[in-house]
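Asker: Here's a structure for you.
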Amino acid sequence: MDSAGHRKFAERIMGTMEKLGPEDHEMTIEGAMLAATHWLNYALHQFGVTEAGDDVQHTYFLSGNDWQRYGIVAEELLRALDEIEKTRPMHVRGDAAGGDKAAGRARELLARSKELALAAGPLP
């Protein structure tokens, strides 16, 4: 997918998330993860670090070399997505307490991811 496609999907997911309430913490975390993934890929394409179709799916699929290479330009985006992904097993697939708090944090990380991604541009 190209950067425009990533942006479109991220914005669409975020729009849908506006319909979710505090009781919908599983969907909030899942939506935040999906949208943050699109924002990361949008930024990496905007920076010129990756080509369309060369997309990050999950931070835990990245090699150490990819973490280092992408982290040079998008470290905060990677860390935000990674933090959201780490809450999924406990609060989306599991039943750990504090899902509403985790969902709130996922929303914060997603908002920051969008901000960072929209500021991304070609590297000199």
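Identifiers for the structure tokens are assigned positionally: chains receive A, B, ... in sequence, residues are indexed from 1 per chain, and ligands are indexed from 1 in the order shown.
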For segment 16-21 of chain A, work out the shell of residues within 12 Å, counting only C-alpha atoms and skipping chain neighbours fewer than 3 positions away, then give it as a list in words.

Answerer: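 So the residues in contact are Phe9, Ala10, Glu11, Arg12, Ile13, Asp24, His25, Glu26, Met27, Thr28, Ile29, Glu30, Gly31, Ala32, Met33, Leu34, Ala35, Gly99, Asp100, Ala103, Gly104, Ala106, Arg107, Leu110 and Ala111 of chain A.
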
Asker: Deliver the residues from the most recent selection as a file, using N, CA and C atoms, as a PDB file, in the first residue's frame.

Answerer:
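After the write, part.pdb holds the following:
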```
ATOM      1  N   PHE A   9      -6.755   4.727   5.478  1.00  0.00           N
ATOM      2  CA  PHE A   9      -7.181   3.685   6.404  1.00  0.00           C
ATOM      3  C   PHE A   9      -7.054   4.136   7.854  1.00  0.00           C
ATOM      4  N   ALA A  10      -5.954   4.790   8.190  1.00  0.00           N
ATOM      5  CA  ALA A  10      -5.757   5.249   9.570  1.00  0.00           C
ATOM      6  C   ALA A  10      -6.857   6.227   9.967  1.00  0.00           C
ATOM      7  N   GLU A  11      -7.157   7.166   9.098  1.00  0.00           N
ATOM      8  CA  GLU A  11      -8.195   8.149   9.412  1.00  0.00           C
ATOM      9  C   GLU A  11      -9.574   7.497   9.499  1.00  0.00           C
ATOM     10  N   ARG A  12      -9.831   6.530   8.655  1.00  0.00           N
ATOM     11  CA  ARG A  12     -11.118   5.822   8.690  1.00  0.00           C
ATOM     12  C   ARG A  12     -11.272   5.041   9.992  1.00  0.00           C
ATOM     13  N   ILE A  13     -10.222   4.349  10.393  1.00  0.00           N
ATOM     14  CA  ILE A  13     -10.252   3.591  11.649  1.00  0.00           C
ATOM     15  C   ILE A  13     -10.459   4.541  12.826  1.00  0.00           C
ATOM     16  N   ASP A  24     -15.817  -0.398  25.577  1.00  0.00           N
ATOM     17  CA  ASP A  24     -15.325  -1.032  24.354  1.00  0.00           C
ATOM     18  C   ASP A  24     -13.799  -1.066  24.309  1.00  0.00           C
ATOM     19  N   HIS A  25     -13.182  -1.354  25.439  1.00  0.00           N
ATOM     20  CA  HIS A  25     -11.720  -1.257  25.487  1.00  0.00           C
ATOM     21  C   HIS A  25     -11.020  -2.215  24.527  1.00  0.00           C
ATOM     22  N   GLU A  26     -11.596  -3.392  24.292  1.00  0.00           N
ATOM     23  CA  GLU A  26     -10.945  -4.338  23.377  1.00  0.00           C
ATOM     24  C   GLU A  26     -10.865  -3.756  21.962  1.00  0.00           C
ATOM     25  N   MET A  27     -11.977  -3.211  21.493  1.00  0.00           N
ATOM     26  CA  MET A  27     -12.001  -2.643  20.150  1.00  0.00           C
ATOM     27  C   MET A  27     -11.168  -1.366  20.063  1.00  0.00           C
ATOM     28  N   THR A  28     -11.118  -0.614  21.145  1.00  0.00           N
ATOM     29  CA  THR A  28     -10.305   0.601  21.164  1.00  0.00           C
ATOM     30  C   THR A  28      -8.834   0.246  21.010  1.00  0.00           C
ATOM     31  N   ILE A  29      -8.380  -0.744  21.760  1.00  0.00           N
ATOM     32  CA  ILE A  29      -6.968  -1.162  21.673  1.00  0.00           C
ATOM     33  C   ILE A  29      -6.678  -1.738  20.300  1.00  0.00           C
ATOM     34  N   GLU A  30      -7.564  -2.590  19.804  1.00  0.00           N
ATOM     35  CA  GLU A  30      -7.370  -3.192  18.484  1.00  0.00           C
ATOM     36  C   GLU A  30      -7.358  -2.118  17.396  1.00  0.00           C
ATOM     37  N   GLY A  31      -8.311  -1.188  17.461  1.00  0.00           N
ATOM     38  CA  GLY A  31      -8.350  -0.110  16.474  1.00  0.00           C
ATOM     39  C   GLY A  31      -7.116   0.773  16.541  1.00  0.00           C
ATOM     40  N   ALA A  32      -6.670   1.067  17.760  1.00  0.00           N
ATOM     41  CA  ALA A  32      -5.467   1.894  17.922  1.00  0.00           C
ATOM     42  C   ALA A  32      -4.257   1.201  17.321  1.00  0.00           C
ATOM     43  N   MET A  33      -4.166  -0.113  17.515  1.00  0.00           N
ATOM     44  CA  MET A  33      -3.045  -0.849  16.946  1.00  0.00           C
ATOM     45  C   MET A  33      -3.074  -0.806  15.427  1.00  0.00           C
ATOM     46  N   LEU A  34      -4.241  -1.034  14.850  1.00  0.00           N
ATOM     47  CA  LEU A  34      -4.346  -1.019  13.390  1.00  0.00           C
ATOM     48  C   LEU A  34      -4.045   0.368  12.823  1.00  0.00           C
ATOM     49  N   ALA A  35      -4.637   1.394  13.414  1.00  0.00           N
ATOM     50  CA  ALA A  35      -4.417   2.753  12.916  1.00  0.00           C
ATOM     51  C   ALA A  35      -2.961   3.185  13.115  1.00  0.00           C
ATOM     52  N   GLY A  99      -8.570  -2.648  31.567  1.00  0.00           N
ATOM     53  CA  GLY A  99      -8.728  -2.491  30.123  1.00  0.00           C
ATOM     54  C   GLY A  99      -9.087  -1.082  29.714  1.00  0.00           C
ATOM     55  N   ASP A 100      -9.912  -0.412  30.520  1.00  0.00           N
ATOM     56  CA  ASP A 100     -10.296   0.963  30.190  1.00  0.00           C
ATOM     57  C   ASP A 100      -9.097   1.901  30.245  1.00  0.00           C
ATOM     58  N   ALA A 103      -6.925   1.213  27.247  1.00  0.00           N
ATOM     59  CA  ALA A 103      -7.532   1.791  26.052  1.00  0.00           C
ATOM     60  C   ALA A 103      -7.277   3.298  25.996  1.00  0.00           C
ATOM     61  N   GLY A 104      -7.356   3.957  27.145  1.00  0.00           N
ATOM     62  CA  GLY A 104      -7.056   5.383  27.188  1.00  0.00           C
ATOM     63  C   GLY A 104      -5.627   5.661  26.777  1.00  0.00           C
ATOM     64  N   ALA A 106      -3.808   3.731  24.865  1.00  0.00           N
ATOM     65  CA  ALA A 106      -3.710   3.432  23.430  1.00  0.00           C
ATOM     66  C   ALA A 106      -4.185   4.620  22.608  1.00  0.00           C
ATOM     67  N   ARG A 107      -5.243   5.273  23.057  1.00  0.00           N
ATOM     68  CA  ARG A 107      -5.731   6.466  22.350  1.00  0.00           C
ATOM     69  C   ARG A 107      -4.686   7.584  22.376  1.00  0.00           C
ATOM     70  N   LEU A 110      -1.950   6.664  19.960  1.00  0.00           N
ATOM     71  CA  LEU A 110      -2.434   6.808  18.596  1.00  0.00           C
ATOM     72  C   LEU A 110      -2.463   8.273  18.174  1.00  0.00           C
ATOM     73  N   ALA A 111      -2.937   9.140  19.043  1.00  0.00           N
ATOM     74  CA  ALA A 111      -2.966  10.572  18.717  1.00  0.00           C
ATOM     75  C   ALA A 111      -1.556  11.092  18.457  1.00  0.00           C
TER      76      ALA A 111
END
```

Asker: Segment 68-77 of chain A: which residues within 12 Å, counting only C-alpha atoms, same-chain residues fewer than 5 positions away excluded, as a PyMOL selection string?

Answerer: chain A and resi 33+35-50+55-56+59+62-63+82-84+109-124

Asker: So which residues touch Gly98 of chain A within 12 Å, counting only C-alpha atoms, skipping near sequence neighbours fewer than 3 positions away, as an MDAnalysis selection string?

Answerer: chainID A and resid 22:23 25:26 87 90:92 94:95 101:105

Asker: Just the selected residues (N, CA and C atoms), exported as an mmCIF file, in the first residue's frame, please.

Answerer:
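Output below, filename result32.cif:
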```cif
data_model
loop_
_atom_site.group_PDB
_atom_site.id
_atom_site.type_symbol
_atom_site.label_atom_id
_atom_site.label_comp_id
_atom_site.auth_asym_id
_atom_site.auth_seq_id
_atom_site.Cartn_x
_atom_site.Cartn_y
_atom_site.Cartn_z
ATOM 1 N N PRO A 22 -16.037 3.733 26.788
ATOM 2 C CA PRO A 22 -15.087 3.131 27.721
ATOM 3 C C PRO A 22 -15.267 1.616 27.874
ATOM 4 N N GLU A 23 -16.502 1.144 27.695
ATOM 5 C CA GLU A 23 -16.759 -0.293 27.822
ATOM 6 C C GLU A 23 -16.228 -1.081 26.620
ATOM 7 N N HIS A 25 -13.182 -1.354 25.439
ATOM 8 C CA HIS A 25 -11.720 -1.257 25.487
ATOM 9 C C HIS A 25 -11.020 -2.215 24.527
ATOM 10 N N GLU A 26 -11.596 -3.392 24.292
ATOM 11 C CA GLU A 26 -10.945 -4.338 23.377
ATOM 12 C C GLU A 26 -10.865 -3.756 21.962
ATOM 13 N N THR A 87 -0.162 -4.437 24.867
ATOM 14 C CA THR A 87 -1.364 -4.484 25.703
ATOM 15 C C THR A 87 -2.403 -5.457 25.152
ATOM 16 N N MET A 90 -3.127 -9.035 26.954
ATOM 17 C CA MET A 90 -3.758 -8.945 28.274
ATOM 18 C C MET A 90 -5.193 -8.441 28.215
ATOM 19 N N HIS A 91 -5.452 -7.469 27.342
ATOM 20 C CA HIS A 91 -6.737 -6.769 27.382
ATOM 21 C C HIS A 91 -7.658 -7.057 26.205
ATOM 22 N N VAL A 92 -7.136 -7.600 25.113
ATOM 23 C CA VAL A 92 -7.980 -7.943 23.971
ATOM 24 C C VAL A 92 -8.216 -9.443 23.933
ATOM 25 N N GLY A 94 -7.105 -11.439 26.486
ATOM 26 C CA GLY A 94 -7.230 -11.878 27.871
ATOM 27 C C GLY A 94 -8.254 -11.046 28.605
ATOM 28 N N ASP A 95 -8.296 -11.233 29.896
ATOM 29 C CA ASP A 95 -9.293 -10.509 30.692
ATOM 30 C C ASP A 95 -8.650 -9.796 31.883
ATOM 31 N N LYS A 101 -8.224 1.680 31.222
ATOM 32 C CA LYS A 101 -7.015 2.508 31.343
ATOM 33 C C LYS A 101 -6.057 2.232 30.170
ATOM 34 N N ALA A 102 -5.919 0.958 29.826
ATOM 35 C CA ALA A 102 -5.062 0.591 28.694
ATOM 36 C C ALA A 102 -5.599 1.190 27.397
ATOM 37 N N ALA A 103 -6.925 1.213 27.247
ATOM 38 C CA ALA A 103 -7.532 1.791 26.052
ATOM 39 C C ALA A 103 -7.277 3.298 25.996
ATOM 40 N N GLY A 104 -7.356 3.957 27.145
ATOM 41 C CA GLY A 104 -7.056 5.383 27.188
ATOM 42 C C GLY A 104 -5.627 5.661 26.777
ATOM 43 N N ARG A 105 -4.713 4.846 27.262
ATOM 44 C CA ARG A 105 -3.303 5.004 26.885
ATOM 45 C C ARG A 105 -3.116 4.726 25.392
#
```

Asker: Please indicate the distance in Å from atom CA of Glu85 of chain A to atom CA of His58 of chain A, rounded to one decimal place.

Answerer: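 Separating atom CA of Glu85 of chain A from atom CA of His58 of chain A is a distance of 7.8 Å.
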
Asker: From a DSSP pass on the backbone, collect the residues of segment 25-106 of chain A flagged as alpha helix (DSSP H) and hand them back as a PyMOL selection string.

Answerer: chain A and resi 25-47+64-91+99-106

Asker: Interatomic distance between atom CA of Ala52 of chain A and atom CA of Ser3 of chain A?

Answerer: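 Atom CA of Ser3 of chain A lies at a distance of 7.1 Å from atom CA of Ala52 of chain A.
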